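**Student:** What follows is a structure written as structure tokens; I'll ask about it next.
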Number of protein chains: 2
Amino acid sequence: MIIDALQCGHFNRESFEALRRGGYSAVTPTLGFWEGTMESLDSLARWRDMERDNADLILIARTAADIERAEREGKLAVVLGYQNSNLFEDRIAFVEFFAELGVRVVQLTYNNQNELGGSCYEENDSGLARFGRDVVREMNRVGMLVDLSHVGDRTTLDAIEWSEKPVAITHANAASLFAHKRNKSDKVIKALAERGGVIGCVAYRNITPDAACATVDGWCEMVARTVDIAGIDHVGIGTDISHNHTPRDYDWMRKGRWTRSVQYGAGSPQRPGAVAKPEWLLKPESLQDVAPALLRVGFNQEEANKILRGNWLRLYAEVFRPN
Amino acid sequence: MIIDALQCGHFNRESFEALRRGGYSAVTPTLGFWEGTMESLDSLARWRDMERDNADLILIARTAADIERAEREGKLAVVLGYQNSNLFEDRIAFVEFFAELGVRVVQLTYNNQNELGGSCYEENDSGLARFGRDVVREMNRVGMLVDLSHVGDRTTLDAIEWSEKPVAITHANAASLFAHKRNKSDKVIKALAERGGVIGCVAYRNITPDAACATVDGWCEMVARTVDIAGIDHVGIGTDISHNHTPRDYDWMRKGRWTRSVQYGAGSPQRPGAVAKPEWLLKPESLQDVAPALLRVGFNQEEANKILRGNWLRLYAEVFRPN
């Protein structure tokens with residue numbers, strides 16, 4: 001069984017069937033990037049409808065125990081998450097509200113600095129700002145996982161230290177293995193691990209080494225090098241796979257409503273548009289090939305299970321709260 | 001112990017202390033009149049803060065059992081309600097969301113027709129509209145009480161019939177006792193009672209007979225006449241008392257953002273502004289004087305208890321759902 005801590009795009013019944021075929025136990029879809037409260041509630045409503053319409057296939061998980069229940073029932077657990085904190089619209093009270101409505105993962109910033117802190121793409125990272133400190137502690141209290149992917153290094157380090165619960169980098173690679181602003185320094189990864197957090201290795205070409213895109217064994221070698229940095233209890237999977245993406249979606253992710261300029265996100269003038277999926281992960285169900293490949297690159301079964309599922313499940317159990 | 005199904009205004013610690021002194025078991029404050037989703041969430045957040053700041057005095061009740069717990073703990077139970085359905089902003093999914101956040105009573109319309117149906121002040125009442133039908137059934141499903149005060153007669157009758165659960169008129173008097181658009185015809189009251197609903201008698205001067213404003217015995221006589229219409233199991237109290245009201249609040253209640261014209265609400269050109277409180281109810285804690293007065297006008301103790309508390313509690317138990 002596999003837990004994938006970050007996917008994007010437009011899910012439908014076919015997506016859920018593919019994920020189940022691929023042996024996924026749980027997945028976190030992205031319910032929002034730049035969306036404010038109303039749009040975020042609308043997104044939540046769409047997932048409630050999807051749960052109702054596909055009750056034989058999925059369930060929205062609020063606890064680690066819900067994920068284990070989904071596994072027993074042969075269903076896919078969906079852990080609801082947002083890649084930005086705009087859903088709160090500067091209201092500390094809304095953290096609790098969204099938690100009560102089932103949201104379990106929120107990334108502090110997406111590609112831009114906001115009221116909480118600095119993004120990985122800003123020239124100067126403010127560190128965790130005053131509202132950010134309040135939100136992190138409130139997320140601790142109500143049982144939401146703090147996600148520090150896309151967040152600037154200084155803010156990331158501040159949040160790791162300030163949080164009373166372990167935190168996550170759901171989808172980033174080690175910058176020492178592939179230099180990119182979106183990836184995380186060894187210093188950050190080690191600090192995360194020391195406080196009990198987990199980093200999810202990515203399979204998105206713009207921030208992943210070529211060898212890790214070419215073969216599943218190459219990707220698992222990258223995972224092994226990440227384990228060398230973080231330790232075996234602190235590495236998981238966060239593919240950043242997109243379902244049914246269109247050019248409009250890329251535009252929204254990169255530009256939102258904040259700019260009329262050209263933006264490449266994790267791309268570049270040399271790689272402006274959508275990039276090819278890794279050769280070994282053309283379909284989401286191929287993620288199951290990671291399981292035997294982890295053994296081939298030298299992990300034993302127990303270690304492989306931690307990477308595939310156990311580390312996320314342990315973190316979720318530590319952070320999530322029923323309601 | 002007394003349950004008051006409708007009060008307004010700005011509550012604070014002094015209000016809660018007064019209500020406890022007055023023997024209130026539960027009260028429904030008005031969290032919104034014209035407010036949309038965001039403002040309604042902000043209002044909800046203020047009540048969460050008030051609950052946190054006054055945890056020794058109040059609790060937000062989600063079930064009838066919570067009200068009984070509040071009574072045992074010597075606290076005031078607050079049953080969260082809105083006097084309009086604007087909080088949903090045309091989204092059927094938001095009914096479930098607000099229920100999960102603790103909202104338990106929603107009036108279908110305030111003084112204006114809306115997407116759900118007609119108001120008591122409209123010349124032509126559409127009856128329960130298509131969205132209104134969906135909302136009523138969704139409120140049934142998620143455990144929210146449908147409030148038909150301020151709602152037009154035709155829409156009220158439609159909703160009584162369409163609802164699968166008993167409904168409420170939390171704050172209106174019998175029009176046969178005081179002719180006013182805000183009050184309810186005997187036909188409506190009887191239909192409500194036949195389906196298990198409850199009407200809350202009002203102590204707001206603009207819609208209450210003079211004799212019922214002059215003395216508590218006069219008001220209890222009015223209650224007795226309402227029982228003659230509805231039956232002893234279907235009458236309760238919904239005073240419509242306001243805490244710390246200002247002229248700005250009256251303006252908001254009457255005009256919202258929908259008009260620049262002069263509006264009198266339940267008043268009139270002859271009674272344009274705030275009206276005097278009933279002589280016997282200058283302070284909310286004086287509502288406790290109703291208990292002995294109900295006995296003086298001829299009710300026995302068991303009947304009095306139904307009016308004071310039991311009928312609302314029975315209805316709440318039938319409708320509310322834990323979450």
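Letters A, B, ... mark the chains of the structure tokens in the order given; residue numbers begin at 1 per chain; ligand numbers begin at 1, in order shown.
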At a cut-off of 7 Å, list the chain B residues touching chain A, using only C-alpha atoms, as an MDAnalysis selection string.
**Tutor:** chainID B and resid 45 93 97 100:101
**Student:** Dump C-alpha atoms for the selected residues as a PDB file, in the first residue's frame?
**Tutor:**
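After the write, out-v6.pdb holds the following:
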```pdb
ATOM      1  CA  ALA B  45     -16.167  33.048  14.996  1.00  0.00           C
ATOM      2  CA  ALA B  93     -23.465  22.277   0.131  1.00  0.00           C
ATOM      3  CA  PHE B  97     -20.987  22.928   6.301  1.00  0.00           C
ATOM      4  CA  GLU B 100     -21.041  20.883  11.028  1.00  0.00           C
ATOM      5  CA  LEU B 101     -19.830  24.216  12.406  1.00  0.00           C
TER       6      LEU B 101
END
```
**Student:** Please extract the residues of segment 2-215 of chain B with a backbone DSSP assignment of strand (DSSP E or B) and present them as a ChimeraX atom specification.
**Tutor:** /B:2-4,7-9,24-27,30,58-60,76-78,81-82,105-107,119,145-147,151,168-169,174,184,198-201
**Student:** Which of segment 43-134 of chain B end up as helix (DSSP H, G or I) when DSSP is run on this backbone - answer as a PyMOL selection string?
**Tutor:** chain B and resi 43-53+64-72+86-88+93-100+130-134
**Student:** Env of Ile189 of chain B: 8 Å cut, atoms = only C-alpha atoms, seq-sep filter 3 positions within chain, self excluded. Answer as a PyMOL selection string.
**Tutor:** chain B and resi 174+184-186+192-193+199+229-230
**Student:** Work out how far apart atom CA of Arg225 of chain A and atom CA of Leu145 of chain A are and give it in Å to one decimal.
**Tutor:**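 For atom CA of Arg225 of chain A relative to atom CA of Leu145 of chain A, the distance reads 25.0 Å.
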**Student:** Hey, can you check how far atom CA of Met253 of chain B sits from atom CA of Phe11 of chain B?
**Tutor:**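 These two atoms are separated by 16.4 Å.
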**Student:** Quick one: residues within 12 Å of Cys8 of chain B, only C-alpha atoms, excluding same-chain residues fewer than 6 positions away - as a list in words?
**Tutor:** Ser15, Val27, Thr28, Pro29, Thr30, Leu31, Gly32, Phe33, Leu80, Gly81, Tyr82, Gln83, His171, Tyr204, Gly238, Thr239, Asp240, Ile241, Ser242, His243, Asn244, His245, Thr246, Asp249, Tyr250, Met253 and Pro284 of chain B
**Student:** Applying 9 Å and only C-alpha atoms, which residues near Pro278 of chain B remain after dropping the ones on its own chain fewer than 2 positions away? List them as a VMD selection string.
**Tutor:** chain B and resid 203 to 205 210 212 to 216 276 280 to 282
**Student:** Take atom CA of Leu116 of chain B and atom CA of Thr63 of chain B and report the distance between them in Å, one decimal.
**Tutor:**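 So the two atoms, atom CA of Leu116 of chain B and atom CA of Thr63 of chain B, lie 25.8 Å apart.
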**Student:** Could you tell me which of B:Val227, B:Val105, B:Ala179, B:Val135 comes closest to Ser163 of chain B if we count only C-alpha atoms?
**Tutor:**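 Smallest distance to Ser163 of chain B is found for B:Val135.
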